[in-house]
file input.csv (CSV, C-alpha atoms)
chain,number,residue,atom,x,y,z
A,1,MET,CA,-6.9,-10.9,-20.2
A,2,TRP,CA,-5.1,-8.2,-18.1
A,3,ALA,CA,-2.2,-9.9,-16.2
A,4,GLN,CA,0.1,-10.6,-19.1
A,5,ASN,CA,0.9,-6.9,-19.4
A,6,ASN,CA,0.2,-5.3,-16.0
A,7,THR,CA,3.2,-6.2,-13.9
A,8,ASN,CA,6.8,-7.4,-13.9
A,9,SER,CA,7.2,-7.9,-10.2
A,10,PRO,CA,9.0,-11.0,-9.0
A,11,TYR,CA,6.8,-10.9,-5.8
A,12,THR,CA,3.9,-12.0,-8.0
A,13,ARG,CA,5.5,-15.4,-8.0
A,14,PHE,CA,3.8,-16.0,-4.7
A,15,GLY,CA,0.1,-16.6,-3.8
A,16,TYR,CA,-2.4,-15.3,-6.3
A,17,GLY,CA,0.0,-12.5,-7.4
A,18,GLU,CA,-0.5,-8.8,-6.9
A,19,ILE,CA,-3.9,-7.9,-5.6
A,20,ALA,CA,-5.5,-5.3,-7.9
A,21,ASP,CA,-6.7,-2.0,-6.8
A,22,ARG,CA,-10.5,-2.1,-7.1
A,23,SER,CA,-10.9,1.7,-7.2
A,24,PHE,CA,-11.4,3.4,-10.6
A,25,ALA,CA,-9.4,6.3,-11.8
A,26,ALA,CA,-11.2,9.0,-9.8
A,27,GLY,CA,-10.9,7.2,-6.5
A,28,ARG,CA,-7.3,6.0,-7.3
A,29,ALA,CA,-6.2,9.7,-7.6
A,30,MET,CA,-7.5,10.1,-4.1
A,31,GLY,CA,-5.3,7.3,-2.6
A,32,GLY,CA,-7.7,4.5,-3.8
A,33,ILE,CA,-10.5,5.4,-1.4
A,34,GLY,CA,-14.2,4.4,-2.0
A,35,ILE,CA,-15.8,2.8,1.0
A,36,GLY,CA,-17.1,6.1,2.3
A,37,LEU,CA,-17.5,7.9,-1.1
A,38,ARG,CA,-21.0,8.5,-2.3
A,39,THR,CA,-21.3,10.3,-5.6
A,40,GLY,CA,-23.6,9.9,-8.5
A,41,LYS,CA,-20.9,10.9,-10.9
A,42,GLN,CA,-19.1,7.6,-11.3
A,43,VAL,CA,-19.2,3.9,-10.6
A,44,ASN,CA,-17.8,2.9,-7.2
A,45,ALA,CA,-17.4,-0.9,-7.0
A,46,LEU,CA,-15.5,-0.7,-3.7
A,47,ASN,CA,-18.8,-0.3,-1.9
A,48,PRO,CA,-22.0,-1.6,-3.6
A,49,ALA,CA,-24.2,0.5,-1.3
A,50,SER,CA,-23.0,3.6,-3.3
A,51,TYR,CA,-25.0,2.7,-6.4
A,52,THR,CA,-28.2,4.4,-5.2
A,53,SER,CA,-26.4,7.8,-5.0
A,54,MET,CA,-27.1,8.2,-8.8
A,55,ASP,CA,-29.9,10.2,-10.3
A,56,SER,CA,-32.9,8.0,-11.1
A,57,MET,CA,-32.8,9.1,-14.7
A,58,THR,CA,-29.1,8.6,-15.3
A,59,PHE,CA,-26.9,5.9,-16.9
A,60,ILE,CA,-23.2,5.7,-16.2
A,61,PHE,CA,-20.5,3.8,-18.1
A,62,ASP,CA,-16.9,3.6,-16.9
A,63,ILE,CA,-13.9,2.3,-18.8
A,64,GLY,CA,-10.3,2.5,-17.9
A,65,ALA,CA,-6.7,1.6,-18.9
A,66,HIS,CA,-3.3,2.2,-17.4
A,67,LEU,CA,0.4,2.6,-18.3
A,68,GLN,CA,3.1,1.7,-15.8
A,69,PHE,CA,6.8,2.4,-15.6
A,70,SER,CA,8.7,0.3,-13.0
A,71,ARG,CA,12.1,0.1,-11.6
A,72,TYR,CA,13.6,-2.9,-9.7
A,73,THR,CA,16.9,-3.2,-7.7
A,74,ASP,CA,18.4,-5.6,-5.3
A,75,GLY,CA,21.2,-3.2,-4.3
A,76,THR,CA,23.5,-4.4,-7.0
A,77,ASN,CA,21.5,-5.0,-10.2
A,78,LYS,CA,18.8,-2.6,-11.7
A,79,GLU,CA,16.1,-3.2,-14.2
A,80,THR,CA,13.4,-0.9,-15.7
A,81,ASN,CA,10.2,-2.0,-17.4
A,82,ARG,CA,7.1,-0.5,-19.0
A,83,ASN,CA,3.8,-2.2,-19.4
A,84,GLY,CA,0.0,-1.4,-19.5
A,85,ASN,CA,-3.3,-2.6,-20.7
A,86,PHE,CA,-7.0,-2.2,-20.6
A,87,GLU,CA,-8.0,-2.6,-17.0
A,88,TYR,CA,-11.7,-2.4,-16.3
A,89,MET,CA,-15.2,-1.5,-17.5
A,90,ALA,CA,-18.4,-1.1,-15.6
A,91,MET,CA,-21.9,0.4,-16.0
A,92,GLN,CA,-24.5,1.6,-13.5
A,93,PHE,CA,-28.2,2.4,-13.9
A,94,PRO,CA,-31.3,2.8,-11.9
A,95,ILE,CA,-34.1,0.2,-11.8
A,96,HIS,CA,-36.3,2.0,-9.3
A,97,GLU,CA,-36.2,5.4,-7.6
A,98,ARG,CA,-34.7,3.6,-4.6
A,99,MET,CA,-32.7,0.9,-6.3
A,100,ALA,CA,-29.8,0.8,-8.7
A,101,MET,CA,-27.6,-1.8,-10.3
A,102,SER,CA,-24.0,-2.1,-11.5
A,103,ILE,CA,-22.4,-4.6,-13.8
A,104,GLY,CA,-18.7,-4.8,-14.5
A,105,LEU,CA,-15.5,-6.6,-15.4
A,106,ILE,CA,-12.6,-5.9,-13.1
A,107,PRO,CA,-9.2,-7.5,-12.3
A,108,TYR,CA,-8.7,-9.4,-9.0
A,109,SER,CA,-5.0,-10.2,-9.2
A,110,PHE,CA,-2.0,-10.0,-11.6
A,111,VAL,CA,0.9,-12.3,-12.2
A,112,GLY,CA,3.8,-11.3,-14.4
A,113,TYR,CA,7.6,-11.8,-14.1
A,114,GLN,CA,10.7,-13.2,-15.8
A,115,PHE,CA,14.1,-13.6,-14.2
A,116,GLY,CA,17.0,-16.0,-14.1
A,117,GLU,CA,20.7,-16.6,-13.8
A,118,ALA,CA,23.6,-18.7,-15.1
A,119,VAL,CA,24.6,-21.3,-12.6
A,120,SER,CA,27.9,-23.3,-12.3
A,121,GLU,CA,28.2,-26.3,-10.0
A,122,GLY,CA,31.6,-27.9,-10.5
A,123,ASP,CA,31.8,-29.0,-14.1
A,124,LEU,CA,28.1,-28.5,-14.6
A,125,ALA,CA,26.8,-25.3,-16.1
A,126,TYR,CA,23.2,-24.3,-16.9
A,127,THR,CA,20.8,-21.5,-17.1
A,128,GLU,CA,17.8,-21.3,-14.7
A,129,THR,CA,14.8,-19.0,-15.5
A,130,PHE,CA,11.5,-18.4,-13.8
A,131,ILE,CA,8.5,-17.1,-15.7
A,132,GLY,CA,5.0,-16.2,-14.5
A,133,SER,CA,1.9,-15.0,-16.2
A,134,GLY,CA,-1.9,-14.8,-15.9
A,135,GLY,CA,-4.1,-13.6,-13.1
A,136,LEU,CA,-7.7,-13.7,-11.8
A,137,ASN,CA,-10.5,-11.5,-13.1
A,138,GLU,CA,-14.1,-10.9,-11.8
A,139,VAL,CA,-17.4,-10.3,-13.6
A,140,TYR,CA,-19.8,-8.8,-11.1
A,141,GLY,CA,-23.4,-7.8,-10.8
A,142,GLY,CA,-24.4,-5.5,-7.9
A,143,LEU,CA,-27.6,-4.2,-6.4
A,144,SER,CA,-28.1,-1.3,-4.0
A,145,ILE,CA,-31.2,-0.3,-2.1
A,146,ASP,CA,-32.0,3.0,-0.4
A,147,ILE,CA,-33.8,1.7,2.7
A,148,TRP,CA,-34.3,4.9,4.7
A,149,LYS,CA,-34.9,8.5,3.5
A,150,LYS,CA,-31.9,8.6,1.1
A,151,ARG,CA,-29.7,8.4,4.2
A,152,LEU,CA,-29.2,4.6,4.7
A,153,SER,CA,-28.3,2.4,1.7
A,154,VAL,CA,-27.2,-1.2,1.6
A,155,GLY,CA,-25.8,-3.2,-1.3
A,156,ALA,CA,-24.2,-6.4,-2.5
A,157,ASN,CA,-22.1,-7.6,-5.4
A,158,VAL,CA,-22.2,-11.2,-6.7
A,159,GLY,CA,-19.0,-11.8,-8.6
A,160,TYR,CA,-17.8,-14.7,-10.7
A,161,LEU,CA,-14.0,-15.1,-10.2
A,162,PHE,CA,-12.2,-16.8,-13.0
A,163,GLY,CA,-8.7,-17.0,-14.5
A,164,THR,CA,-5.4,-19.0,-14.5
A,165,THR,CA,-2.0,-18.2,-13.0
A,166,THR,CA,1.0,-19.9,-14.5
A,167,HIS,CA,4.4,-20.4,-13.0
A,168,GLN,CA,7.2,-22.1,-14.9
A,169,GLN,CA,10.8,-23.0,-14.1
A,170,ASN,CA,13.2,-23.8,-16.9
A,171,VAL,CA,16.7,-25.4,-16.5
A,172,VAL,CA,18.6,-25.3,-19.8
A,173,PHE,CA,22.0,-27.0,-20.3
A,174,PRO,CA,24.4,-25.9,-23.1
A,175,THR,CA,24.2,-27.8,-26.4
A,176,GLY,CA,26.3,-30.9,-26.2
A,177,SER,CA,26.1,-31.1,-22.4
A,178,ALA,CA,25.2,-34.4,-20.8
A,179,GLY,CA,22.4,-32.7,-18.8
A,180,ASN,CA,18.8,-33.0,-19.7
A,181,ASN,CA,16.7,-29.8,-19.9
A,182,ILE,CA,14.1,-29.6,-17.2
A,183,VAL,CA,10.7,-27.8,-17.3
A,184,LYS,CA,8.5,-27.5,-14.2
A,185,LYS,CA,5.1,-25.9,-14.7
A,186,GLN,CA,2.3,-25.2,-12.2
A,187,ASP,CA,-1.1,-23.8,-13.3
A,188,LEU,CA,-3.8,-22.7,-10.9
A,189,GLU,CA,-7.3,-22.4,-12.5
A,190,VAL,CA,-10.0,-20.8,-10.5
A,191,ARG,CA,-13.8,-20.7,-11.3
A,192,ASP,CA,-16.0,-19.6,-8.4
A,193,LEU,CA,-18.4,-17.1,-6.9
A,194,LYS,CA,-17.3,-14.1,-4.8
A,195,LEU,CA,-19.6,-12.0,-2.5
A,196,ASP,CA,-19.2,-8.4,-1.4
A,197,PHE,CA,-21.6,-6.5,1.0
A,198,GLY,CA,-21.7,-2.8,1.7
A,199,MET,CA,-23.5,-0.2,3.7
A,200,GLN,CA,-23.5,3.7,3.6
A,201,TYR,CA,-25.1,6.2,6.0
A,202,THR,CA,-25.3,9.8,4.9
A,203,HIS,CA,-25.7,12.5,7.6
A,204,PRO,CA,-26.6,15.9,6.3
A,205,LEU,CA,-25.0,18.9,7.9
A,206,SER,CA,-26.6,21.6,5.8
A,207,ALA,CA,-28.3,21.9,2.4
A,208,THR,CA,-24.9,21.4,0.6
A,209,GLU,CA,-22.8,19.6,3.2
A,210,SER,CA,-22.9,16.0,4.5
A,211,VAL,CA,-20.8,13.3,6.1
A,212,VAL,CA,-20.9,9.7,4.8
A,213,LEU,CA,-20.0,6.6,6.8
A,214,GLY,CA,-19.4,3.4,5.0
A,215,ALA,CA,-18.6,-0.3,5.7
A,216,VAL,CA,-17.9,-3.3,3.6
A,217,PHE,CA,-17.5,-7.0,4.2
A,218,SER,CA,-16.4,-9.9,1.9
A,219,PRO,CA,-16.6,-13.4,3.5
A,220,ALA,CA,-13.8,-15.9,3.3
A,221,ARG,CA,-14.2,-18.6,0.7
A,222,ASN,CA,-12.8,-22.0,-0.1
A,223,LEU,CA,-12.3,-21.6,-3.9
A,224,ASN,CA,-13.3,-24.1,-6.5
A,225,ALA,CA,-9.8,-24.5,-8.0
A,226,THR,CA,-7.8,-27.0,-10.1
A,227,TYR,CA,-4.1,-27.3,-9.8
A,228,TYR,CA,-2.0,-28.7,-12.6
A,229,ASP,CA,1.6,-29.8,-11.9
A,230,VAL,CA,3.8,-30.9,-14.8
A,231,LEU,CA,7.5,-32.0,-14.8
A,232,GLN,CA,9.3,-32.7,-18.0
A,233,VAL,CA,12.9,-33.9,-18.1
A,234,GLY,CA,14.4,-33.9,-21.6
A,235,ASN,CA,11.7,-35.3,-23.9
A,236,THR,CA,10.2,-37.4,-21.1
A,237,LEU,CA,7.1,-36.3,-19.3
A,238,GLU,CA,7.9,-37.4,-15.7
A,239,LYS,CA,4.8,-36.0,-14.0
A,240,SER,CA,1.4,-34.6,-15.1
A,241,ASP,CA,-1.0,-34.3,-12.2
A,242,THR,CA,-4.4,-32.6,-12.1
A,243,ILE,CA,-5.3,-31.9,-8.5
A,244,THR,CA,-8.8,-30.8,-7.3
A,245,SER,CA,-8.5,-31.8,-3.6
A,246,GLN,CA,-6.1,-29.1,-2.4
A,247,ARG,CA,-7.5,-26.1,-0.6
A,248,PHE,CA,-7.2,-22.5,-1.9
A,249,ASP,CA,-8.9,-19.7,0.1
A,250,LEU,CA,-9.8,-16.1,-0.1
A,251,PRO,CA,-9.8,-14.2,3.2
A,252,ASN,CA,-12.4,-12.3,5.2
A,253,THR,CA,-12.2,-8.6,4.2
A,254,PHE,CA,-13.4,-5.9,6.5
A,255,GLY,CA,-13.4,-2.2,5.6
A,256,VAL,CA,-14.6,1.1,7.0
A,257,GLY,CA,-14.5,4.6,5.4
A,258,ALA,CA,-15.8,8.1,5.9
A,259,SER,CA,-16.0,11.2,3.8
A,260,TYR,CA,-17.0,14.9,4.2
A,261,MET,CA,-18.6,16.5,1.2
A,262,LYS,CA,-19.6,20.0,0.2
A,263,LYS,CA,-21.7,19.6,-3.0
A,264,ASN,CA,-19.9,20.6,-6.2
A,265,LYS,CA,-17.0,21.9,-4.2
A,266,TRP,CA,-14.9,19.4,-2.3
A,267,VAL,CA,-14.7,15.9,-0.9
A,268,ILE,CA,-12.3,14.6,1.9
A,269,GLY,CA,-12.2,10.9,2.7
A,270,ALA,CA,-10.3,8.0,4.3
A,271,ASP,CA,-10.6,4.2,4.2
A,272,VAL,CA,-9.2,1.4,6.3
A,273,MET,CA,-9.3,-2.2,5.0
A,274,TYR,CA,-8.2,-5.4,6.8
A,275,GLU,CA,-7.8,-8.8,5.1
A,276,THR,CA,-7.3,-12.0,7.2
A,277,TRP,CA,-4.9,-13.7,4.8
A,278,GLY,CA,-3.1,-15.4,7.8
A,279,GLU,CA,-6.1,-17.7,8.1
A,280,ALA,CA,-6.3,-18.6,4.4
A,281,HIS,CA,-5.1,-21.9,3.0
A,282,PHE,CA,-3.0,-22.1,-0.2
A,283,LEU,CA,-1.9,-25.4,-1.6
A,284,ASP,CA,-3.5,-27.0,1.4
A,285,GLN,CA,-1.2,-25.1,3.7
A,286,LYS,CA,-2.2,-22.4,6.3
A,287,GLY,CA,0.3,-19.8,7.5
A,288,ARG,CA,1.9,-19.0,4.1
A,289,PHE,CA,0.4,-15.5,4.1
A,290,ASP,CA,0.2,-12.5,6.5
A,291,ASP,CA,-2.9,-10.4,7.3
A,292,ARG,CA,-3.0,-7.3,5.2
A,293,LEU,CA,-3.8,-3.8,6.3
A,294,ARG,CA,-4.5,-0.9,3.9
A,295,ILE,CA,-5.0,2.7,4.9
A,296,ALA,CA,-5.8,5.4,2.4
A,297,GLY,CA,-6.9,9.1,2.4
A,298,GLY,CA,-7.6,11.6,-0.3
A,299,ALA,CA,-9.5,14.7,-1.4
A,300,GLU,CA,-11.1,16.4,-4.4
A,301,TYR,CA,-11.6,20.1,-5.0
A,302,ILE,CA,-13.6,21.9,-7.7
A,303,PRO,CA,-12.9,25.7,-7.9
A,304,ASP,CA,-16.2,26.7,-9.6
A,305,ILE,CA,-18.4,24.1,-11.3
A,306,LEU,CA,-20.4,26.8,-13.2
A,307,ALA,CA,-17.5,28.7,-14.5
A,308,ARG,CA,-16.8,29.0,-18.3
A,309,ASN,CA,-13.1,28.5,-17.7
A,310,ILE,CA,-12.4,24.7,-18.1
A,311,PHE,CA,-9.7,24.9,-15.4
A,312,LYS,CA,-12.1,26.2,-12.8
A,313,ARG,CA,-14.6,23.4,-13.7
A,314,MET,CA,-12.0,20.7,-13.4
A,315,ARG,CA,-11.8,18.3,-10.4
A,316,TYR,CA,-8.4,18.4,-8.7
A,317,ARG,CA,-7.6,15.3,-6.7
A,318,ALA,CA,-4.8,14.0,-4.4
A,319,GLY,CA,-4.3,11.2,-2.0
A,320,ALA,CA,-1.9,8.7,-0.4
A,321,HIS,CA,-2.0,5.1,0.8
A,322,TYR,CA,-0.1,2.5,2.9
A,323,SER,CA,-0.3,-1.3,2.9
A,324,ASN,CA,1.7,-4.4,3.8
A,325,SER,CA,2.0,-7.4,1.6
A,326,TYR,CA,0.0,-10.5,2.2
A,327,THR,CA,2.6,-12.7,0.6
A,328,THR,CA,6.0,-13.6,2.2
A,329,VAL,CA,9.3,-14.8,0.8
A,330,ASP,CA,11.0,-17.8,2.4
A,331,LEU,CA,14.6,-17.0,3.0
A,332,SER,CA,17.3,-18.6,5.1
A,333,GLU,CA,16.8,-15.8,7.6
A,334,GLY,CA,13.0,-16.4,7.9
A,335,GLN,CA,9.8,-15.2,6.2
A,336,TYR,CA,9.7,-11.6,5.0
A,337,GLY,CA,7.3,-9.4,3.2
A,338,TYR,CA,7.2,-5.8,2.2
A,339,LYS,CA,5.5,-2.5,2.8
A,340,GLU,CA,3.9,-0.4,0.1
A,341,TYR,CA,3.7,3.4,0.2
A,342,GLY,CA,1.9,5.4,-2.5
A,343,ALA,CA,1.0,9.0,-3.4
A,344,SER,CA,-1.3,10.1,-6.2
A,345,VAL,CA,-2.7,13.2,-7.9
A,346,GLY,CA,-5.3,13.4,-10.6
A,347,PHE,CA,-7.7,15.5,-12.6
A,348,GLY,CA,-11.3,15.2,-13.7
A,349,ILE,CA,-12.0,17.0,-17.0
A,350,PRO,CA,-15.7,17.6,-17.7
A,351,ILE,CA,-16.8,17.0,-21.3
A,352,ARG,CA,-20.0,18.0,-23.1
A,353,THR,CA,-21.9,14.9,-24.4
A,354,GLY,CA,-25.5,15.8,-23.8
A,355,PHE,CA,-28.1,17.9,-25.6
A,356,SER,CA,-27.4,21.0,-23.5
A,357,SER,CA,-24.2,23.1,-23.6
A,358,ASP,CA,-24.2,23.0,-19.8
A,359,ASP,CA,-24.3,19.2,-19.6
A,360,ASN,CA,-20.8,18.4,-18.2
A,361,ARG,CA,-21.6,15.3,-16.3
A,362,SER,CA,-19.3,13.0,-18.4
A,363,ILE,CA,-15.7,13.2,-17.3
A,364,ILE,CA,-12.2,12.2,-18.5
A,365,ASN,CA,-10.3,11.1,-15.4
A,366,LEU,CA,-6.5,11.1,-15.2
A,367,SER,CA,-4.6,9.6,-12.3
A,368,LEU,CA,-0.9,9.8,-11.7
A,369,GLU,CA,0.5,7.5,-9.0
A,370,TYR,CA,3.9,6.9,-7.4
A,371,VAL,CA,4.3,3.6,-5.5
A,372,LYS,CA,7.3,2.5,-3.4
A,373,VAL,CA,7.6,-1.1,-2.4
A,374,LYS,CA,10.1,-1.4,0.5
A,375,PRO,CA,11.0,-5.0,1.5
A,376,GLU,CA,11.6,-5.9,5.1
A,377,LEU,CA,15.0,-7.3,4.3
A,378,SER,CA,17.6,-5.2,2.5
A,379,SER,CA,18.7,-8.1,0.3
A,380,MET,CA,15.2,-8.4,-1.2
A,381,ILE,CA,14.1,-6.5,-4.3
A,382,ASP,CA,13.1,-2.9,-4.0
A,383,GLU,CA,10.5,-1.7,-6.4
A,384,GLN,CA,9.2,1.7,-7.6
A,385,TYR,CA,6.3,2.4,-9.9
A,386,PHE,CA,5.0,5.4,-11.7
A,387,ARG,CA,1.4,4.5,-12.9
A,388,ILE,CA,-0.9,6.5,-15.2
A,389,THR,CA,-4.5,5.6,-15.2
A,390,LEU,CA,-6.9,7.0,-17.8
A,391,ASN,CA,-10.6,6.6,-17.5
A,392,LEU,CA,-13.8,7.8,-19.3
A,393,THR,CA,-16.9,8.2,-17.2
A,394,PHE,CA,-19.8,8.5,-19.6
A,395,ASN,CA,-22.7,9.9,-17.6
A,396,GLU,CA,-25.9,10.5,-19.6
A,397,MET,CA,-29.6,11.2,-18.8
A,398,TRP,CA,-31.3,8.4,-20.7
A,399,PHE,CA,-34.9,8.9,-19.7
A,400,ARG,CA,-35.4,12.7,-20.2
A,401,LYS,CA,-38.1,13.7,-22.6
A,402,LEU,CA,-37.0,16.3,-25.2
A,403,LYS,CA,-39.3,19.3,-25.8
A,404,ILE,CA,-39.4,20.3,-29.4
A,405,ASP,CA,-40.7,23.8,-30.3
call {"tool": "encode", "arguments": {"input": "input.csv", "output": "structure tokens"}}
result
Amino acid sequence: MWAQNNTNSPYTRFGYGEIADRSFAAGRAMGGIGIGLRTGKQVNALNPASYTSMDSMTFIFDIGAHLQFSRYTDGTNKETNRNGNFEYMAMQFPIHERMAMSIGLIPYSFVGYQFGEAVSEGDLAYTETFIGSGGLNEVYGGLSIDIWKKRLSVGANVGYLFGTTTHQQNVVFPTGSAGNNIVKKQDLEVRDLKLDFGMQYTHPLSATESVVLGAVFSPARNLNATYYDVLQVGNTLEKSDTITSQRFDLPNTFGVGASYMKKNKWVIGADVMYETWGEAHFLDQKGRFDDRLRIAGGAEYIPDILARNIFKRMRYRAGAHYSNSYTTVDLSEGQYGYKEYGASVGFGIPIRTGFSSDDNRSIINLSLEYVKVKPELSSMIDEQYFRITLNLTFNEMWFRKLKID
């Protein structure tokens, strides 16, 4: 649904592809933080404990899309691409004064690439191309409970992970050549459950200031997956295997986050997330991946939320993040991955959608992000991205009684 148009990175040839950022536009403008963020203004699927932060009479609907400009170089050759698509949608609503739910459709990973070269081996010449597409998506339902004085909340998401990744290698000989064209195709189809747990503790410092501490955990899982392996030489189907016995895993994920908030003025936060990909199996093999660490920090500032001037009521955001890749590339020199560095800025523009002219809870969020992918070996592909994410957070008071004079 998403992955066909979300990336052109050759690194998505490995593993499950590029792991998607689970933060929505507001959090993404702040470096992608969310574990320690607690605000009733938007959906925060990064930590399901955050759902109870909303008003008990409010309904929130989030929808987002992105546009990405990318540049790739191996030191000699350069290529630029542009892609984008609808990315996510989610809703959040109360079911009790101490309980809230969220339901959403979000991406888990993206696969998308196409590259190749003309090859000459003696008198034999052919063109070899590699093509990848697809990805994994997640439908989730989450529940959060305020278990102590609006200070301590816990939550869980139960997700259904589904999707197919496709990798294809084509060897094409010139017309009239004695060689037979070759097509190798591997599809990985996943259909399984995924669990995420979260906790947030809010410590008030004053009537308007507070500190929030958050933690998340997603347990490792041996996925229900089917692997299809097809080989065609000329017009002859040499192999067509459907394999269900091979092991494909998701890792344990641990995350902690913290934020400092002054109500309707500013938020400062940071997250650390660690994924044990080194212990995960893929195609029945362990050790194909590296453990992944992601560190992010960001802030939001509102000059004057009650001002008539729209620029004073806007939310101004900025952040940065660092992570390493979980996938590695097998080269003659060994196995190498890459580091990712990103910086982002963004804006939240309040819009009037309610019955009152002062009702500005719905927000248009814009995030602008620059990402640098730096490989561990200079001969590998260096990538740069400029990503624009646009999101509408529709925040309405559904259960208010109107008084008619």
call {"tool": "closest_residue", "arguments": {"input": "input.csv", "among": "A:Tyr201, A:Tyr336, A:Phe24, A:Phe173", "to": "A:Arg151", "atoms": "all atoms listed in the file"}}
result
A:Tyr201
call {"tool": "closest_residue", "arguments": {"input": "input.csv", "among": "A:Tyr72, A:Phe115, A:Phe254, A:Tyr16", "to": "A:Gly134", "atoms": "all atoms listed in the file"}}
result
A:Tyr16
call {"tool": "closest_residue", "arguments": {"input": "input.csv", "among": "A:Leu188, A:Val211, A:Met273, A:Met99", "to": "A:Gly132", "atoms": "only C-alpha atoms"}}
result
A:Leu188
call {"tool": "residues_near_point", "arguments": {"input": "input.csv", "point": "(20.1, -8.3, -9.7)", "cutoff": "10 Å", "atoms": "all atoms listed in the file", "output": "MDAnalysis selection string"}}
result
chainID A and resid 72:79 115:117 380:381
call {"tool": "residues_around", "arguments": {"input": "input.csv", "residues": "A:Trp277", "least_positions_apart": "2", "cutoff": "9 Å", "atoms": "all atoms listed in the file", "output": "list in words"}}
result
Asp249, Leu250, Pro251, Asn252, Thr253, Glu275, Glu279, Ala280, His281, Gly287, Arg288, Phe289, Asp290, Asp291, Arg292, Tyr326 and Thr327 of chain A
call {"tool": "residues_around", "arguments": {"input": "input.csv", "residues": "A:Gly112", "least_positions_apart": "2", "cutoff": "6 Å", "atoms": "all atoms listed in the file", "output": "ChimeraX atom specification"}}
result
/A:7-8,132-133
call {"tool": "atom_distance", "arguments": {"input": "input.csv", "atom1": "atom CA of A:Phe311", "atom2": "atom CA of A:Ala26"}}
result
16.9 Å
call {"tool": "residues_around", "arguments": {"input": "input.csv", "residues": "stretch 183-185 of chain A", "least_positions_apart": "3", "cutoff": "9 Å", "atoms": "all atoms listed in the file", "output": "PyMOL selection string"}}
result
chain A and resi 166-172+228-234
call {"tool": "write_last_selection", "arguments": {"input": "input.csv", "atoms": "C-alpha atoms", "output": "PDB file, keeping the file's coordinate frame"}}
result
ATOM      1  CA  THR A 166       1.000 -19.900 -14.500  1.00  0.00           C
ATOM      2  CA  HIS A 167       4.400 -20.400 -13.000  1.00  0.00           C
ATOM      3  CA  GLN A 168       7.200 -22.100 -14.900  1.00  0.00           C
ATOM      4  CA  GLN A 169      10.800 -23.000 -14.100  1.00  0.00           C
ATOM      5  CA  ASN A 170      13.200 -23.800 -16.900  1.00  0.00           C
ATOM      6  CA  VAL A 171      16.700 -25.400 -16.500  1.00  0.00           C
ATOM      7  CA  VAL A 172      18.600 -25.300 -19.800  1.00  0.00           C
ATOM      8  CA  TYR A 228      -2.000 -28.700 -12.600  1.00  0.00           C
ATOM      9  CA  ASP A 229       1.600 -29.800 -11.900  1.00  0.00           C
ATOM     10  CA  VAL A 230       3.800 -30.900 -14.800  1.00  0.00           C
ATOM     11  CA  LEU A 231       7.500 -32.000 -14.800  1.00  0.00           C
ATOM     12  CA  GLN A 232       9.300 -32.700 -18.000  1.00  0.00           C
ATOM     13  CA  VAL A 233      12.900 -33.900 -18.100  1.00  0.00           C
ATOM     14  CA  GLY A 234      14.400 -33.900 -21.600  1.00  0.00           C
TER      15      GLY A 234
END
